[in-house]
Amino acid sequence: MGARTDNVTDPDLAAGLLLMRRGQAYWARRLNELRDDEFDAPSLLPGWTRRHLVAHVGFNARAVARLVEWARTGVETPMYDSDQQRGEEIEFGATLPVDALRNLAAHAAVHLNVEWRDLPEEAWSHQVRTAQGRLVPASETVWMRTREVWIHAVDLRNGGSVHDFPAELHTLLLDDLIKVWRRKRKPGDRDVVLEPVDRPATYRIDVDEEDLPPLVVRGRAADLVGWGIGRSSRGVITAGGTPPPPAPQWL
Ligand code: ZN
């Protein structure tokens, strides 16, 4: 029989699980506010209707659950067989009746939560592979899902906003943006500095960069997140006082 509560004593991990669950609740609330006949409308993501988005978030929960299962059993179960399989699954999911999409979203999330809840403490450090091919500890799956549920709730385009995110999530996302941009940066790519006007910290890709002046972008932490994740350019401005160009590719 499974445990009733998480087998987690690490306070950071416990806080991460809480933030993920708040995000799951936020996503579910926004989804519940959509009427059935509003599912055909576009999401915020190019080429995707809300149907595609709901299918994707449901299938993502299943894919993340496969990683948690991998950590528990030691049997390699990848998130997706291939990018093509992932894409076909979403295209198929988008054709499902709205009731089936709502069920997929709800059931996949419950199943994932059970996988996390029953994961023995020592298994949280077992290595699993992300869809991008990186090896990460199973604990990273919590953050992977946290990003999905909060940000895709905004992508539903029915009133969700990065301004609804808790301040701690803004901080985690600013850190993550810089971390991923640093990993993906190629020679010649411009350095970026994020300067939240409502935080004491600044966030920079390359602290040793000397050749080219960095792109400095200022705004409230929430607006910097909106710009950094490629969803909005509201409330942000460069050090030179102009609207910033699109942010570097994140995920
Ligand atoms: Zn996604």
# chains A, B, ... in the order shown; residues from 1 in each chain; ligands from 1
$ residues_near_ligand --ligand "ligand 1" --cutoff "9 Å" --atoms "only C-alpha atoms and all ligand atoms" --output "PDB file with C-alpha atoms, in the first residue's frame"
ATOM      1  CA  LEU A  53      -2.243  22.710 -25.005  1.00  0.00           C
ATOM      2  CA  HIS A  56       0.179  18.430 -24.074  1.00  0.00           C
ATOM      3  CA  VAL A  57      -0.055  19.243 -20.361  1.00  0.00           C
ATOM      4  CA  ASN A  60       3.488  15.801 -20.051  1.00  0.00           C
ATOM      5  CA  ARG A 145       6.434  19.944 -14.004  1.00  0.00           C
ATOM      6  CA  ARG A 147       7.334  25.203 -15.033  1.00  0.00           C
ATOM      7  CA  GLU A 148       4.792  23.405 -17.198  1.00  0.00           C
ATOM      8  CA  VAL A 149       1.689  23.926 -15.082  1.00  0.00           C
ATOM      9  CA  ILE A 151       3.354  28.804 -17.539  1.00  0.00           C
ATOM     10  CA  HIS A 152       0.865  26.799 -19.602  1.00  0.00           C
ATOM     11  CA  LEU A 251      13.072  25.699 -23.564  1.00  0.00           C
TER      12      LEU A 251
END
$ residues_around --residues "region 94-98 of chain A" --least-positions-apart "5" --cutoff "12 Å" --atoms "only C-alpha atoms" --output "PDB file with N, CA and C atoms, in the first residue's frame"
ATOM      1  N   LEU A  31      -8.340  26.006 -16.229  1.00  0.00           N
ATOM      2  CA  LEU A  31      -8.944  25.060 -17.163  1.00  0.00           C
ATOM      3  C   LEU A  31     -10.440  24.911 -16.881  1.00  0.00           C
ATOM      4  N   ASN A  32     -10.792  24.841 -15.599  1.00  0.00           N
ATOM      5  CA  ASN A  32     -12.209  24.707 -15.223  1.00  0.00           C
ATOM      6  C   ASN A  32     -13.028  25.922 -15.634  1.00  0.00           C
ATOM      7  N   LEU A  34     -12.776  27.443 -18.378  1.00  0.00           N
ATOM      8  CA  LEU A  34     -13.040  27.413 -19.822  1.00  0.00           C
ATOM      9  C   LEU A  34     -14.304  26.626 -20.108  1.00  0.00           C
ATOM     10  N   ARG A  35     -15.200  27.208 -20.897  1.00  0.00           N
ATOM     11  CA  ARG A  35     -16.363  26.450 -21.354  1.00  0.00           C
ATOM     12  C   ARG A  35     -15.929  25.487 -22.456  1.00  0.00           C
ATOM     13  N   ASP A  36     -16.720  24.438 -22.658  1.00  0.00           N
ATOM     14  CA  ASP A  36     -16.375  23.431 -23.668  1.00  0.00           C
ATOM     15  C   ASP A  36     -16.161  24.060 -25.046  1.00  0.00           C
ATOM     16  N   ASP A  37     -17.021  25.038 -25.393  1.00  0.00           N
ATOM     17  CA  ASP A  37     -16.922  25.609 -26.747  1.00  0.00           C
ATOM     18  C   ASP A  37     -15.755  26.596 -26.886  1.00  0.00           C
ATOM     19  N   GLU A  38     -14.998  26.784 -25.812  1.00  0.00           N
ATOM     20  CA  GLU A  38     -13.830  27.670 -25.896  1.00  0.00           C
ATOM     21  C   GLU A  38     -12.532  26.904 -26.134  1.00  0.00           C
ATOM     22  N   PHE A  39     -12.618  25.575 -26.197  1.00  0.00           N
ATOM     23  CA  PHE A  39     -11.406  24.764 -26.377  1.00  0.00           C
ATOM     24  C   PHE A  39     -10.818  24.879 -27.782  1.00  0.00           C
ATOM     25  N   ASP A  40     -11.666  25.235 -28.759  1.00  0.00           N
ATOM     26  CA  ASP A  40     -11.173  25.303 -30.140  1.00  0.00           C
ATOM     27  C   ASP A  40     -10.356  26.565 -30.424  1.00  0.00           C
ATOM     28  N   ALA A  41     -10.432  27.534 -29.545  1.00  0.00           N
ATOM     29  CA  ALA A  41      -9.755  28.819 -29.776  1.00  0.00           C
ATOM     30  C   ALA A  41      -8.243  28.668 -29.616  1.00  0.00           C
ATOM     31  N   PRO A  42      -7.473  29.589 -30.224  1.00  0.00           N
ATOM     32  CA  PRO A  42      -6.020  29.499 -30.116  1.00  0.00           C
ATOM     33  C   PRO A  42      -5.531  29.664 -28.677  1.00  0.00           C
ATOM     34  N   GLY A  47       0.371  28.108 -33.373  1.00  0.00           N
ATOM     35  CA  GLY A  47      -0.054  26.873 -34.013  1.00  0.00           C
ATOM     36  C   GLY A  47      -0.845  25.926 -33.124  1.00  0.00           C
ATOM     37  N   TRP A  48      -0.952  26.236 -31.859  1.00  0.00           N
ATOM     38  CA  TRP A  48      -1.657  25.353 -30.934  1.00  0.00           C
ATOM     39  C   TRP A  48      -2.977  25.969 -30.482  1.00  0.00           C
ATOM     40  N   THR A  49      -4.072  25.185 -30.634  1.00  0.00           N
ATOM     41  CA  THR A  49      -5.319  25.582 -29.985  1.00  0.00           C
ATOM     42  C   THR A  49      -5.225  25.204 -28.504  1.00  0.00           C
ATOM     43  N   ARG A  50      -6.235  25.638 -27.748  1.00  0.00           N
ATOM     44  CA  ARG A  50      -6.282  25.217 -26.335  1.00  0.00           C
ATOM     45  C   ARG A  50      -6.358  23.697 -26.234  1.00  0.00           C
ATOM     46  N   ARG A  51      -6.982  23.051 -27.212  1.00  0.00           N
ATOM     47  CA  ARG A  51      -7.049  21.582 -27.218  1.00  0.00           C
ATOM     48  C   ARG A  51      -5.637  20.980 -27.226  1.00  0.00           C
ATOM     49  N   HIS A  52      -4.783  21.499 -28.121  1.00  0.00           N
ATOM     50  CA  HIS A  52      -3.396  21.003 -28.172  1.00  0.00           C
ATOM     51  C   HIS A  52      -2.713  21.196 -26.819  1.00  0.00           C
ATOM     52  N   LEU A  53      -2.927  22.368 -26.255  1.00  0.00           N
ATOM     53  CA  LEU A  53      -2.243  22.710 -25.005  1.00  0.00           C
ATOM     54  C   LEU A  53      -2.690  21.794 -23.867  1.00  0.00           C
ATOM     55  N   VAL A  54      -4.003  21.567 -23.758  1.00  0.00           N
ATOM     56  CA  VAL A  54      -4.521  20.707 -22.680  1.00  0.00           C
ATOM     57  C   VAL A  54      -4.022  19.280 -22.864  1.00  0.00           C
ATOM     58  N   ALA A  55      -4.021  18.818 -24.116  1.00  0.00           N
ATOM     59  CA  ALA A  55      -3.494  17.477 -24.393  1.00  0.00           C
ATOM     60  C   ALA A  55      -2.022  17.403 -23.999  1.00  0.00           C
ATOM     61  N   HIS A  56      -1.256  18.415 -24.386  1.00  0.00           N
ATOM     62  CA  HIS A  56       0.179  18.430 -24.074  1.00  0.00           C
ATOM     63  C   HIS A  56       0.435  18.389 -22.568  1.00  0.00           C
ATOM     64  N   VAL A  57      -0.296  19.198 -21.814  1.00  0.00           N
ATOM     65  CA  VAL A  57      -0.055  19.243 -20.361  1.00  0.00           C
ATOM     66  C   VAL A  57      -0.431  17.907 -19.715  1.00  0.00           C
ATOM     67  N   GLY A  58      -1.474  17.272 -20.228  1.00  0.00           N
ATOM     68  CA  GLY A  58      -1.836  15.941 -19.727  1.00  0.00           C
ATOM     69  C   GLY A  58      -0.779  14.902 -20.067  1.00  0.00           C
ATOM     70  N   PHE A  59      -0.361  14.879 -21.337  1.00  0.00           N
ATOM     71  CA  PHE A  59       0.657  13.899 -21.750  1.00  0.00           C
ATOM     72  C   PHE A  59       1.997  14.189 -21.071  1.00  0.00           C
ATOM     73  N   GLY A  87       4.955  14.663 -30.749  1.00  0.00           N
ATOM     74  CA  GLY A  87       4.137  15.541 -31.572  1.00  0.00           C
ATOM     75  C   GLY A  87       2.851  14.875 -32.042  1.00  0.00           C
ATOM     76  N   GLU A  88       2.967  13.609 -32.452  1.00  0.00           N
ATOM     77  CA  GLU A  88       1.785  12.876 -32.923  1.00  0.00           C
ATOM     78  C   GLU A  88       0.775  12.670 -31.810  1.00  0.00           C
ATOM     79  N   GLU A  89       1.293  12.423 -30.606  1.00  0.00           N
ATOM     80  CA  GLU A  89       0.423  12.220 -29.443  1.00  0.00           C
ATOM     81  C   GLU A  89      -0.398  13.494 -29.167  1.00  0.00           C
ATOM     82  N   ASN A 103     -10.635  14.881 -18.622  1.00  0.00           N
ATOM     83  CA  ASN A 103     -10.278  13.679 -17.851  1.00  0.00           C
ATOM     84  C   ASN A 103      -8.789  13.378 -17.929  1.00  0.00           C
ATOM     85  N   LEU A 104      -8.241  13.513 -19.138  1.00  0.00           N
ATOM     86  CA  LEU A 104      -6.801  13.291 -19.313  1.00  0.00           C
ATOM     87  C   LEU A 104      -6.014  14.223 -18.391  1.00  0.00           C
ATOM     88  N   ALA A 105      -6.370  15.500 -18.415  1.00  0.00           N
ATOM     89  CA  ALA A 105      -5.655  16.490 -17.602  1.00  0.00           C
ATOM     90  C   ALA A 105      -5.726  16.121 -16.122  1.00  0.00           C
TER      91      ALA A 105
END
$ residues_around --residues "Leu135 (chain A)" --least-positions-apart "5" --cutoff "12 Å" --atoms "only C-alpha atoms" --output "count of residues only"
11
$ closest_atom_pairs --of "region 24-82 of chain A" --to "region 228-241 of chain A" --cutoff "12 Å" --atoms "only C-alpha atoms" --output "CSV"
residue,atom,partner,partner_atom,distance
A:Ser43,CA,A:Arg231,CA,11.4
A:Leu44,CA,A:Arg231,CA,7.8
A:Leu45,CA,A:Arg231,CA,8.6
A:Pro46,CA,A:Arg231,CA,10.8
$ closest_residue --among "A:Thr73, A:Thr242, A:Ser139, A:Gln85" --to "Trp116 (chain A)" --atoms "only C-alpha atoms"
A:Ser139
$ residues_around --residues "Asp189 (chain A)" --least-positions-apart "2" --cutoff "12 Å" --atoms "only C-alpha atoms" --output "PyMOL selection string"
chain A and resi 181-187+191-192+205-206+209+211-215+247-249
$ atom_distance --atom1 "CA of His170 (chain A)" --atom2 "CA of Ala221 (chain A)"
6.3 Å
$ select_by_dssp --residues "region 24-166 of chain A" --states "strand (DSSP E)" --output "tab-separated table (two decimals) with C-alpha atoms, in the first residue's frame"
chain	number	residue	atom	x	y	z
A	127	GLN	CA	19.39	9.67	-12.39
A	128	VAL	CA	16.82	9.93	-15.17
A	129	ARG	CA	16.99	11.47	-18.64
A	135	LEU	CA	20.76	13.24	-17.05
A	136	VAL	CA	19.20	14.75	-13.93
A	137	PRO	CA	18.25	13.47	-10.47
